[in-house]
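Enquirer: For reference, the file coords_29.tsv (TSV, N, CA and C atoms) is included below:
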```tsv
chain	number	residue	atom	x	y	z
A	1130	MET	N	0.84	-1.17	0.00
A	1130	MET	CA	0.00	0.00	0.00
A	1130	MET	C	0.88	1.24	0.00
A	1131	ALA	N	0.61	2.17	-0.90
A	1131	ALA	CA	1.42	3.39	-1.04
A	1131	ALA	C	1.07	4.37	0.07
A	1132	SER	N	2.06	5.11	0.52
A	1132	SER	CA	1.80	6.13	1.54
A	1132	SER	C	1.12	7.32	0.89
A	1133	THR	N	0.51	8.15	1.73
A	1133	THR	CA	-0.17	9.34	1.23
A	1133	THR	C	0.81	10.24	0.50
A	1134	ARG	N	2.01	10.38	1.02
A	1134	ARG	CA	3.02	11.25	0.41
A	1134	ARG	C	3.36	10.77	-0.99
A	1135	GLU	N	3.44	9.44	-1.19
A	1135	GLU	CA	3.78	8.90	-2.51
A	1135	GLU	C	2.64	9.08	-3.50
A	1136	SER	N	1.41	9.04	-3.05
A	1136	SER	CA	0.28	9.14	-3.97
A	1136	SER	C	-0.18	10.57	-4.20
A	1137	THR	N	0.33	11.52	-3.43
A	1137	THR	CA	-0.04	12.92	-3.58
A	1137	THR	C	0.92	13.58	-4.56
A	1138	PRO	N	0.38	14.29	-5.56
A	1138	PRO	CA	1.29	14.99	-6.48
A	1138	PRO	C	2.00	16.12	-5.76
A	1139	LEU	N	3.23	16.36	-6.11
A	1139	LEU	CA	4.00	17.45	-5.52
A	1139	LEU	C	4.09	18.59	-6.52
A	1140	PHE	N	3.96	19.79	-6.02
A	1140	PHE	CA	4.01	20.99	-6.84
A	1140	PHE	C	5.21	21.82	-6.45
A	1141	SER	N	5.70	22.62	-7.39
A	1141	SER	CA	6.92	23.37	-7.11
A	1141	SER	C	6.67	24.72	-6.45
A	1142	THR	N	5.47	25.26	-6.55
A	1142	THR	CA	5.20	26.57	-5.92
A	1142	THR	C	3.94	26.51	-5.06
A	1143	PHE	N	3.84	27.50	-4.19
A	1143	PHE	CA	2.65	27.63	-3.35
A	1143	PHE	C	1.40	27.80	-4.22
A	1144	ARG	N	1.47	28.60	-5.27
A	1144	ARG	CA	0.32	28.84	-6.14
A	1144	ARG	C	-0.20	27.53	-6.74
A	1145	GLU	N	0.71	26.70	-7.23
A	1145	GLU	CA	0.30	25.42	-7.83
A	1145	GLU	C	-0.37	24.52	-6.80
A	1146	ALA	N	0.21	24.45	-5.61
A	1146	ALA	CA	-0.36	23.60	-4.55
A	1146	ALA	C	-1.71	24.15	-4.10
A	1147	PHE	N	-1.80	25.47	-3.96
A	1147	PHE	CA	-3.05	26.09	-3.54
A	1147	PHE	C	-4.14	25.82	-4.56
A	1148	CYS	N	-3.84	26.02	-5.84
A	1148	CYS	CA	-4.85	25.81	-6.89
A	1148	CYS	C	-5.28	24.35	-6.97
A	1149	HIS	N	-4.37	23.45	-6.72
A	1149	HIS	CA	-4.73	22.03	-6.68
A	1149	HIS	C	-5.68	21.76	-5.50
A	1150	ALA	N	-5.31	22.25	-4.33
A	1150	ALA	CA	-6.09	21.98	-3.12
A	1150	ALA	C	-7.45	22.67	-3.13
A	1151	PHE	N	-7.51	23.89	-3.68
A	1151	PHE	CA	-8.75	24.67	-3.66
A	1151	PHE	C	-9.47	24.69	-5.00
A	1152	ARG	N	-8.97	23.89	-5.94
A	1152	ARG	CA	-9.59	23.74	-7.26
A	1152	ARG	C	-9.89	25.09	-7.92
A	1153	CYS	N	-8.85	25.88	-8.08
A	1153	CYS	CA	-9.01	27.16	-8.76
A	1153	CYS	C	-8.09	27.21	-9.97
A	1154	GLU	N	-8.44	28.05	-10.89
A	1154	GLU	CA	-7.64	28.19	-12.11
A	1154	GLU	C	-7.38	29.66	-12.38
A	1155	GLY	N	-6.25	29.94	-13.01
A	1155	GLY	CA	-5.94	31.29	-13.47
A	1155	GLY	C	-6.09	32.35	-12.40
A	1156	ASP	N	-6.89	33.38	-12.72
A	1156	ASP	CA	-7.07	34.50	-11.80
A	1156	ASP	C	-7.87	34.13	-10.56
A	1157	GLY	N	-8.50	32.99	-10.56
A	1157	GLY	CA	-9.22	32.53	-9.37
A	1157	GLY	C	-8.31	32.39	-8.17
A	1158	TYR	N	-7.03	32.16	-8.44
A	1158	TYR	CA	-6.06	32.03	-7.36
A	1158	TYR	C	-6.04	33.28	-6.49
A	1159	TYR	N	-6.02	34.46	-7.09
A	1159	TYR	CA	-5.88	35.70	-6.34
A	1159	TYR	C	-7.04	35.91	-5.37
A	1160	ARG	N	-8.25	35.76	-5.85
A	1160	ARG	CA	-9.42	35.95	-4.99
A	1160	ARG	C	-9.47	34.91	-3.88
A	1161	ARG	N	-9.26	33.66	-4.26
A	1161	ARG	CA	-9.39	32.59	-3.26
A	1161	ARG	C	-8.26	32.64	-2.23
A	1162	ALA	N	-7.04	32.93	-2.68
A	1162	ALA	CA	-5.91	33.01	-1.74
A	1162	ALA	C	-6.06	34.21	-0.82
A	1163	PHE	N	-6.57	35.33	-1.35
A	1163	PHE	CA	-6.80	36.49	-0.50
A	1163	PHE	C	-7.81	36.14	0.60
A	1164	VAL	N	-8.94	35.58	0.22
A	1164	VAL	CA	-9.97	35.23	1.20
A	1164	VAL	C	-9.43	34.21	2.20
A	1165	ALA	N	-8.68	33.22	1.73
A	1165	ALA	CA	-8.11	32.21	2.63
A	1165	ALA	C	-7.10	32.82	3.59
A	1166	GLY	N	-6.49	33.96	3.21
A	1166	GLY	CA	-5.50	34.62	4.06
A	1166	GLY	C	-6.09	35.55	5.10
A	1167	VAL	N	-7.38	35.80	5.03
A	1167	VAL	CA	-8.07	36.65	6.01
A	1167	VAL	C	-8.48	35.76	7.19
A	1168	SER	N	-8.31	36.27	8.39
A	1168	SER	CA	-8.74	35.51	9.58
A	1168	SER	C	-10.20	35.12	9.43
A	1169	PRO	N	-10.54	33.88	9.75
A	1169	PRO	CA	-11.92	33.41	9.56
A	1169	PRO	C	-12.98	34.31	10.19
A	1170	TRP	N	-12.72	34.84	11.35
A	1170	TRP	CA	-13.72	35.67	12.03
A	1170	TRP	C	-13.86	37.05	11.42
A	1171	ARG	N	-12.93	37.45	10.51
A	1171	ARG	CA	-13.03	38.75	9.84
A	1171	ARG	C	-13.59	38.63	8.42
A	1172	ARG	N	-13.68	37.44	7.91
A	1172	ARG	CA	-14.11	37.25	6.52
A	1172	ARG	C	-15.50	37.81	6.25
A	1173	PHE	N	-16.41	37.70	7.21
A	1173	PHE	CA	-17.79	38.12	6.97
A	1173	PHE	C	-17.90	39.61	6.63
A	1174	TYR	N	-16.95	40.43	7.08
A	1174	TYR	CA	-17.01	41.84	6.69
A	1174	TYR	C	-15.91	42.24	5.72
A	1175	VAL	N	-14.80	41.52	5.67
A	1175	VAL	CA	-13.73	41.86	4.74
A	1175	VAL	C	-14.12	41.50	3.30
A	1176	VAL	N	-14.70	40.34	3.11
A	1176	VAL	CA	-15.03	39.88	1.75
A	1176	VAL	C	-16.00	40.82	1.04
A	1177	PRO	N	-17.10	41.27	1.66
A	1177	PRO	CA	-17.96	42.21	0.95
A	1177	PRO	C	-17.25	43.53	0.59
A	1178	VAL	N	-16.39	44.01	1.49
A	1178	VAL	CA	-15.63	45.23	1.20
A	1178	VAL	C	-14.69	44.97	0.03
A	1179	PHE	N	-14.09	43.80	0.00
A	1179	PHE	CA	-13.18	43.42	-1.10
A	1179	PHE	C	-13.92	43.43	-2.43
A	1180	TRP	N	-15.13	42.91	-2.48
A	1180	TRP	CA	-15.88	42.86	-3.75
A	1180	TRP	C	-16.29	44.25	-4.20
A	1181	VAL	N	-16.61	45.15	-3.25
A	1181	VAL	CA	-17.07	46.49	-3.61
A	1181	VAL	C	-15.90	47.45	-3.87
A	1182	PHE	N	-14.85	47.35	-3.05
A	1182	PHE	CA	-13.69	48.25	-3.16
A	1182	PHE	C	-12.39	47.46	-3.31
A	1183	PRO	N	-12.21	46.75	-4.42
A	1183	PRO	CA	-11.00	45.92	-4.56
A	1183	PRO	C	-9.70	46.73	-4.52
A	1184	SER	N	-9.76	48.01	-4.86
A	1184	SER	CA	-8.53	48.81	-4.85
A	1184	SER	C	-7.96	48.98	-3.45
A	1185	LEU	N	-8.78	48.84	-2.41
A	1185	LEU	CA	-8.28	48.90	-1.03
A	1185	LEU	C	-7.29	47.78	-0.75
A	1186	PHE	N	-7.37	46.71	-1.51
A	1186	PHE	CA	-6.59	45.51	-1.23
A	1186	PHE	C	-5.50	45.26	-2.27
A	1187	GLU	N	-5.10	46.31	-2.96
A	1187	GLU	CA	-4.08	46.18	-4.00
A	1187	GLU	C	-2.78	45.59	-3.44
A	1188	MET	N	-2.35	46.10	-2.29
A	1188	MET	CA	-1.12	45.58	-1.68
A	1188	MET	C	-1.28	44.11	-1.32
A	1189	ASP	N	-2.43	43.74	-0.78
A	1189	ASP	CA	-2.68	42.35	-0.39
A	1189	ASP	C	-2.58	41.44	-1.62
A	1190	LEU	N	-3.16	41.88	-2.74
A	1190	LEU	CA	-3.13	41.06	-3.95
A	1190	LEU	C	-1.72	40.94	-4.52
A	1191	HIS	N	-0.91	41.99	-4.35
A	1191	HIS	CA	0.50	41.88	-4.77
A	1191	HIS	C	1.22	40.84	-3.90
A	1192	ILE	N	0.91	40.86	-2.61
A	1192	ILE	CA	1.53	39.88	-1.71
A	1192	ILE	C	1.09	38.48	-2.08
A	1193	VAL	N	-0.19	38.30	-2.38
A	1193	VAL	CA	-0.70	36.99	-2.81
A	1193	VAL	C	0.06	36.52	-4.04
A	1194	ASP	N	0.35	37.45	-4.95
A	1194	ASP	CA	1.11	37.10	-6.16
A	1194	ASP	C	2.52	36.64	-5.78
A	1195	TYR	N	3.19	37.40	-4.92
A	1195	TYR	CA	4.55	37.02	-4.49
A	1195	TYR	C	4.54	35.69	-3.74
A	1196	LEU	N	3.55	35.50	-2.88
A	1196	LEU	CA	3.45	34.24	-2.14
A	1196	LEU	C	3.27	33.07	-3.10
A	1197	GLY	N	2.53	33.28	-4.16
A	1197	GLY	CA	2.29	32.22	-5.13
A	1197	GLY	C	3.56	31.68	-5.76
A	1198	ASP	N	4.57	32.53	-5.88
A	1198	ASP	CA	5.83	32.11	-6.51
A	1198	ASP	C	6.82	31.47	-5.55
A	1199	THR	N	6.50	31.46	-4.25
A	1199	THR	CA	7.45	30.92	-3.27
A	1199	THR	C	7.54	29.40	-3.38
A	1200	ARG	N	8.72	28.90	-3.05
A	1200	ARG	CA	8.99	27.46	-3.16
A	1200	ARG	C	9.36	26.82	-1.83
A	1201	SER	N	9.60	27.62	-0.82
A	1201	SER	CA	9.99	27.07	0.48
A	1201	SER	C	9.28	27.82	1.60
A	1202	ARG	N	9.28	27.21	2.78
A	1202	ARG	CA	8.67	27.85	3.94
A	1202	ARG	C	9.40	29.15	4.27
A	1203	SER	N	10.72	29.13	4.21
A	1203	SER	CA	11.48	30.33	4.58
A	1203	SER	C	11.22	31.46	3.59
A	1204	GLU	N	11.13	31.15	2.32
A	1204	GLU	CA	10.82	32.16	1.32
A	1204	GLU	C	9.41	32.73	1.56
A	1205	PHE	N	8.47	31.86	1.83
A	1205	PHE	CA	7.09	32.25	2.14
A	1205	PHE	C	7.08	33.16	3.37
A	1206	GLY	N	7.79	32.75	4.41
A	1206	GLY	CA	7.86	33.53	5.64
A	1206	GLY	C	8.45	34.91	5.42
A	1207	GLY	N	9.44	35.00	4.55
A	1207	GLY	CA	10.05	36.29	4.22
A	1207	GLY	C	9.05	37.23	3.57
A	1208	VAL	N	8.22	36.70	2.68
A	1208	VAL	CA	7.20	37.53	2.02
A	1208	VAL	C	6.14	37.97	3.04
A	1209	VAL	N	5.75	37.07	3.93
A	1209	VAL	CA	4.78	37.43	4.97
A	1209	VAL	C	5.35	38.52	5.87
A	1210	ASP	N	6.63	38.43	6.22
A	1210	ASP	CA	7.27	39.46	7.03
A	1210	ASP	C	7.26	40.81	6.32
A	1211	GLU	N	7.54	40.80	5.03
A	1211	GLU	CA	7.51	42.05	4.24
A	1211	GLU	C	6.10	42.63	4.21
A	1212	PHE	N	5.09	41.77	4.10
A	1212	PHE	CA	3.71	42.21	4.13
A	1212	PHE	C	3.40	42.91	5.46
A	1213	HIS	N	3.83	42.28	6.55
A	1213	HIS	CA	3.60	42.85	7.88
A	1213	HIS	C	4.25	44.23	7.98
A	1214	LYS	N	5.47	44.36	7.50
A	1214	LYS	CA	6.17	45.66	7.54
A	1214	LYS	C	5.45	46.69	6.68
A	1215	ALA	N	4.99	46.29	5.52
A	1215	ALA	CA	4.29	47.21	4.62
A	1215	ALA	C	2.99	47.70	5.25
A	1216	VAL	N	2.27	46.82	5.94
A	1216	VAL	CA	1.03	47.23	6.61
A	1216	VAL	C	1.35	48.24	7.71
A	1217	GLN	N	2.43	48.01	8.45
A	1217	GLN	CA	2.81	48.93	9.52
A	1217	GLN	C	3.18	50.30	8.97
A	1218	VAL	N	3.84	50.33	7.83
A	1218	VAL	CA	4.27	51.59	7.22
A	1218	VAL	C	3.08	52.34	6.62
A	1219	SER	N	2.15	51.62	6.02
A	1219	SER	CA	1.03	52.27	5.34
A	1219	SER	C	0.11	52.99	6.31
A	1220	LYS	N	-0.06	52.46	7.49
A	1220	LYS	CA	-0.88	53.07	8.55
A	1220	LYS	C	-2.28	53.45	8.07
A	1221	GLY	N	-2.76	52.82	7.04
A	1221	GLY	CA	-4.11	53.10	6.57
A	1221	GLY	C	-5.14	52.65	7.59
A	1222	ILE	N	-6.17	53.47	7.80
A	1222	ILE	CA	-7.19	53.13	8.79
A	1222	ILE	C	-7.88	51.83	8.45
A	1223	SER	N	-8.09	51.58	7.16
A	1223	SER	CA	-8.78	50.34	6.78
A	1223	SER	C	-7.92	49.11	7.08
A	1224	LYS	N	-6.63	49.27	7.01
A	1224	LYS	CA	-5.75	48.13	7.23
A	1224	LYS	C	-5.52	47.85	8.71
A	1225	THR	N	-5.23	48.88	9.47
A	1225	THR	CA	-4.85	48.65	10.86
A	1225	THR	C	-6.03	48.69	11.82
A	1226	ALA	N	-6.75	49.80	11.86
A	1226	ALA	CA	-7.83	49.94	12.84
A	1226	ALA	C	-9.00	49.01	12.56
A	1227	LEU	N	-9.39	48.89	11.31
A	1227	LEU	CA	-10.55	48.07	10.97
A	1227	LEU	C	-10.20	46.61	10.70
A	1228	GLY	N	-8.92	46.32	10.56
A	1228	GLY	CA	-8.51	44.94	10.32
A	1228	GLY	C	-8.86	44.42	8.95
A	1229	LEU	N	-8.97	45.32	7.97
A	1229	LEU	CA	-9.30	44.90	6.60
A	1229	LEU	C	-8.03	44.47	5.88
A	1230	ARG	N	-7.56	43.32	6.24
A	1230	ARG	CA	-6.32	42.81	5.64
A	1230	ARG	C	-6.20	41.32	5.90
A	1231	MET	N	-5.22	40.75	5.24
A	1231	MET	CA	-4.92	39.34	5.49
A	1231	MET	C	-4.18	39.24	6.82
A	1232	SER	N	-4.16	38.06	7.35
A	1232	SER	CA	-3.47	37.78	8.61
A	1232	SER	C	-2.21	36.97	8.33
A	1233	GLY	N	-1.08	37.44	8.83
A	1233	GLY	CA	0.16	36.70	8.65
A	1233	GLY	C	0.07	35.31	9.26
A	1234	ALA	N	-0.53	35.21	10.44
A	1234	ALA	CA	-0.66	33.90	11.09
A	1234	ALA	C	-1.56	32.97	10.27
A	1235	THR	N	-2.63	33.51	9.69
A	1235	THR	CA	-3.52	32.69	8.87
A	1235	THR	C	-2.80	32.24	7.61
A	1236	LEU	N	-2.00	33.13	7.01
A	1236	LEU	CA	-1.24	32.77	5.82
A	1236	LEU	C	-0.23	31.66	6.12
A	1237	VAL	N	0.47	31.80	7.23
A	1237	VAL	CA	1.47	30.77	7.60
A	1237	VAL	C	0.78	29.44	7.88
A	1238	ALA	N	-0.36	29.47	8.56
A	1238	ALA	CA	-1.11	28.23	8.81
A	1238	ALA	C	-1.56	27.59	7.50
A	1239	LEU	N	-1.96	28.41	6.55
A	1239	LEU	CA	-2.35	27.90	5.23
A	1239	LEU	C	-1.16	27.26	4.54
A	1240	ARG	N	-0.01	27.90	4.60
A	1240	ARG	CA	1.21	27.34	3.97
A	1240	ARG	C	1.57	26.02	4.63
A	1241	ASN	N	1.47	25.96	5.95
A	1241	ASN	CA	1.79	24.72	6.65
A	1241	ASN	C	0.83	23.60	6.25
A	1242	ARG	N	-0.44	23.94	6.07
A	1242	ARG	CA	-1.43	22.95	5.66
A	1242	ARG	C	-1.13	22.41	4.26
A	1243	LEU	N	-0.61	23.26	3.39
A	1243	LEU	CA	-0.31	22.84	2.01
A	1243	LEU	C	1.10	22.26	1.86
A	1244	ASP	N	1.88	22.31	2.91
A	1244	ASP	CA	3.27	21.85	2.84
A	1244	ASP	C	3.44	20.46	2.26
A	1245	PRO	N	2.57	19.48	2.59
A	1245	PRO	CA	2.75	18.14	2.00
A	1245	PRO	C	2.61	18.12	0.47
A	1246	LEU	N	2.02	19.16	-0.10
A	1246	LEU	CA	1.84	19.20	-1.56
A	1246	LEU	C	2.99	19.89	-2.28
A	1247	ILE	N	3.89	20.51	-1.53
A	1247	ILE	CA	4.96	21.31	-2.15
A	1247	ILE	C	6.28	20.56	-2.06
A	1248	ALA	N	6.88	20.36	-3.22
A	1248	ALA	CA	8.16	19.67	-3.28
A	1248	ALA	C	9.24	20.53	-2.65
A	1249	PRO	N	10.14	19.93	-1.89
A	1249	PRO	CA	11.25	20.71	-1.33
A	1249	PRO	C	12.08	21.31	-2.47
A	1250	PRO	N	12.56	22.55	-2.29
A	1250	PRO	CA	13.39	23.15	-3.35
A	1250	PRO	C	14.65	22.34	-3.56
A	1251	SER	N	15.06	22.27	-4.81
A	1251	SER	CA	16.28	21.49	-5.10
A	1251	SER	C	17.50	22.35	-5.14
```
Go ahead and express the file in the form of structure tokens.
Expert:
Amino acid sequence: MASTRESTPLFSTFREAFCHAFRCEGDGYYRRAFVAGVSPWRRFYVVPVFWVFPSLFEMDLHIVDYLGDTRSRSEFGGVVDEFHKAVQVSKGISKTALGLRMSGATLVALRNRLDPLIAPPS
């Protein structure tokens, strides 16, 4: 009997693994990864704002794009750290006071959950 690791396809990037796990294609990755990166208890108000005012989340979508290209946990963590710094610098009321942003902890938990699908960098 084959182990789960042997029967699971391995992908080279976070984006590929995410799209496999969440069954998304093309631009669907950006929307789904953004929503998955928002803390579950904030999604009920962040998602409607995202659909009405997507420009508020331009930085978040750029981060989602960068995260998609990562191949290792450390690379992913570096992008999440940069996101955290950018949010601190922007000081936008929608980002900090209202919490209209992705969560670094939620993103890292998502990466950890998808880790079995991502091939170690060579």
Enquirer: What's around range 1159-1163 of chain A at 8 Å? Count all atoms listed in the file, leave out sequence neighbours fewer than 4 positions away in its own chain, and write the answer as number ranges by chain.
Expert: A: 1147, 1151, 1153-1155, 1167-1168, 1189-1190, 1193-1194, 1230-1232
Enquirer: What is the distance, in Å and to one decimal place, between CA of Val1176 in chain A and atom C of Arg1152 in chain A?
Expert: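 These atoms are spaced 18.4 Å apart.
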Enquirer: What is the atom C of Ser1141 in chain A to CA of Pro1183 in chain A distance in Å?
Expert: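 Atom C of Ser1141 in chain A sits 27.7 Å away from CA of Pro1183 in chain A.
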Enquirer: Within 12 Å of (3.7, 43.8, 4.5) in the file's own coordinates, which protein, DNA or RNA residues have an atom, counting only C-alpha atoms? List them as a ChimeraX atom specification.
Expert: /A:1186-1193,1195-1196,1206-1220,1224-1225,1230-1233
Enquirer: Suppose you want the space between atom C of Ser1203 in chain A and atom N of Phe1179 in chain A; what is it in Å?
Expert: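 Taking atom C of Ser1203 in chain A and atom N of Phe1179 in chain A, their separation equals 28.4 Å.
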Enquirer: Rebuild range 1228-1239 of chain A to all heavy atoms - output it as a PDB file, keeping the file's coordinate frame, please.
Expert:
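Output file result.pdb follows:
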```pdb
ATOM      1  N   GLY A1228      -8.920  46.320  10.560  1.00  0.00           N
ATOM      2  CA  GLY A1228      -8.510  44.940  10.320  1.00  0.00           C
ATOM      3  C   GLY A1228      -8.860  44.420   8.950  1.00  0.00           C
ATOM      4  O   GLY A1228      -9.029  43.216   8.761  1.00  0.00           O
ATOM      5  N   LEU A1229      -8.970  45.320   7.970  1.00  0.00           N
ATOM      6  CA  LEU A1229      -9.300  44.900   6.600  1.00  0.00           C
ATOM      7  C   LEU A1229      -8.030  44.470   5.880  1.00  0.00           C
ATOM      8  O   LEU A1229      -7.503  45.179   5.023  1.00  0.00           O
ATOM      9  CB  LEU A1229      -9.980  46.058   5.836  1.00  0.00           C
ATOM     10  CG  LEU A1229     -11.320  46.519   6.375  1.00  0.00           C
ATOM     11  CD1 LEU A1229     -11.828  47.701   5.563  1.00  0.00           C
ATOM     12  CD2 LEU A1229     -12.333  45.395   6.349  1.00  0.00           C
ATOM     13  N   ARG A1230      -7.560  43.320   6.240  1.00  0.00           N
ATOM     14  CA  ARG A1230      -6.320  42.810   5.640  1.00  0.00           C
ATOM     15  C   ARG A1230      -6.200  41.320   5.900  1.00  0.00           C
ATOM     16  O   ARG A1230      -6.954  40.747   6.681  1.00  0.00           O
ATOM     17  CB  ARG A1230      -5.116  43.542   6.198  1.00  0.00           C
ATOM     18  CG  ARG A1230      -4.941  43.359   7.689  1.00  0.00           C
ATOM     19  CD  ARG A1230      -3.758  44.149   8.198  1.00  0.00           C
ATOM     20  NE  ARG A1230      -3.629  44.048   9.632  1.00  0.00           N
ATOM     21  CZ  ARG A1230      -2.997  43.073  10.278  1.00  0.00           C
ATOM     22  NH1 ARG A1230      -2.440  42.105   9.609  1.00  0.00           N
ATOM     23  NH2 ARG A1230      -2.914  43.055  11.582  1.00  0.00           N
ATOM     24  N   MET A1231      -5.220  40.750   5.240  1.00  0.00           N
ATOM     25  CA  MET A1231      -4.920  39.340   5.490  1.00  0.00           C
ATOM     26  C   MET A1231      -4.180  39.240   6.820  1.00  0.00           C
ATOM     27  O   MET A1231      -3.619  40.211   7.306  1.00  0.00           O
ATOM     28  CB  MET A1231      -4.053  38.775   4.366  1.00  0.00           C
ATOM     29  CG  MET A1231      -4.738  38.728   3.028  1.00  0.00           C
ATOM     30  SD  MET A1231      -3.736  37.960   1.728  1.00  0.00           S
ATOM     31  CE  MET A1231      -2.313  39.041   1.659  1.00  0.00           C
ATOM     32  N   SER A1232      -4.160  38.060   7.350  1.00  0.00           N
ATOM     33  CA  SER A1232      -3.470  37.780   8.610  1.00  0.00           C
ATOM     34  C   SER A1232      -2.210  36.970   8.330  1.00  0.00           C
ATOM     35  O   SER A1232      -2.285  35.920   7.676  1.00  0.00           O
ATOM     36  CB  SER A1232      -4.405  36.999   9.530  1.00  0.00           C
ATOM     37  OG  SER A1232      -3.682  36.333  10.529  1.00  0.00           O
ATOM     38  N   GLY A1233      -1.080  37.440   8.830  1.00  0.00           N
ATOM     39  CA  GLY A1233       0.160  36.700   8.650  1.00  0.00           C
ATOM     40  C   GLY A1233       0.070  35.310   9.260  1.00  0.00           C
ATOM     41  O   GLY A1233       0.515  34.323   8.659  1.00  0.00           O
ATOM     42  N   ALA A1234      -0.530  35.210  10.440  1.00  0.00           N
ATOM     43  CA  ALA A1234      -0.660  33.900  11.090  1.00  0.00           C
ATOM     44  C   ALA A1234      -1.560  32.970  10.270  1.00  0.00           C
ATOM     45  O   ALA A1234      -1.266  31.771  10.142  1.00  0.00           O
ATOM     46  CB  ALA A1234      -1.228  34.068  12.499  1.00  0.00           C
ATOM     47  N   THR A1235      -2.630  33.510   9.690  1.00  0.00           N
ATOM     48  CA  THR A1235      -3.520  32.690   8.870  1.00  0.00           C
ATOM     49  C   THR A1235      -2.800  32.240   7.610  1.00  0.00           C
ATOM     50  O   THR A1235      -2.949  31.092   7.169  1.00  0.00           O
ATOM     51  CB  THR A1235      -4.804  33.483   8.515  1.00  0.00           C
ATOM     52  OG1 THR A1235      -5.443  33.862   9.737  1.00  0.00           O
ATOM     53  CG2 THR A1235      -5.754  32.657   7.682  1.00  0.00           C
ATOM     54  N   LEU A1236      -2.000  33.130   7.010  1.00  0.00           N
ATOM     55  CA  LEU A1236      -1.240  32.770   5.820  1.00  0.00           C
ATOM     56  C   LEU A1236      -0.230  31.660   6.120  1.00  0.00           C
ATOM     57  O   LEU A1236      -0.106  30.707   5.359  1.00  0.00           O
ATOM     58  CB  LEU A1236      -0.520  33.996   5.248  1.00  0.00           C
ATOM     59  CG  LEU A1236      -1.408  35.045   4.593  1.00  0.00           C
ATOM     60  CD1 LEU A1236      -0.616  36.327   4.344  1.00  0.00           C
ATOM     61  CD2 LEU A1236      -1.976  34.504   3.282  1.00  0.00           C
ATOM     62  N   VAL A1237       0.470  31.800   7.230  1.00  0.00           N
ATOM     63  CA  VAL A1237       1.470  30.770   7.600  1.00  0.00           C
ATOM     64  C   VAL A1237       0.780  29.440   7.880  1.00  0.00           C
ATOM     65  O   VAL A1237       1.263  28.378   7.470  1.00  0.00           O
ATOM     66  CB  VAL A1237       2.323  31.249   8.795  1.00  0.00           C
ATOM     67  CG1 VAL A1237       3.174  30.122   9.354  1.00  0.00           C
ATOM     68  CG2 VAL A1237       3.207  32.425   8.369  1.00  0.00           C
ATOM     69  N   ALA A1238      -0.360  29.470   8.560  1.00  0.00           N
ATOM     70  CA  ALA A1238      -1.110  28.230   8.810  1.00  0.00           C
ATOM     71  C   ALA A1238      -1.560  27.590   7.500  1.00  0.00           C
ATOM     72  O   ALA A1238      -1.501  26.363   7.349  1.00  0.00           O
ATOM     73  CB  ALA A1238      -2.310  28.511   9.710  1.00  0.00           C
ATOM     74  N   LEU A1239      -1.960  28.410   6.550  1.00  0.00           N
ATOM     75  CA  LEU A1239      -2.350  27.900   5.230  1.00  0.00           C
ATOM     76  C   LEU A1239      -1.160  27.260   4.540  1.00  0.00           C
ATOM     77  O   LEU A1239      -1.269  26.167   3.972  1.00  0.00           O
ATOM     78  CB  LEU A1239      -2.919  29.051   4.391  1.00  0.00           C
ATOM     79  CG  LEU A1239      -3.328  28.731   2.971  1.00  0.00           C
ATOM     80  CD1 LEU A1239      -4.435  27.682   2.929  1.00  0.00           C
ATOM     81  CD2 LEU A1239      -3.779  30.010   2.264  1.00  0.00           C
TER      82      LEU A1239
END
```
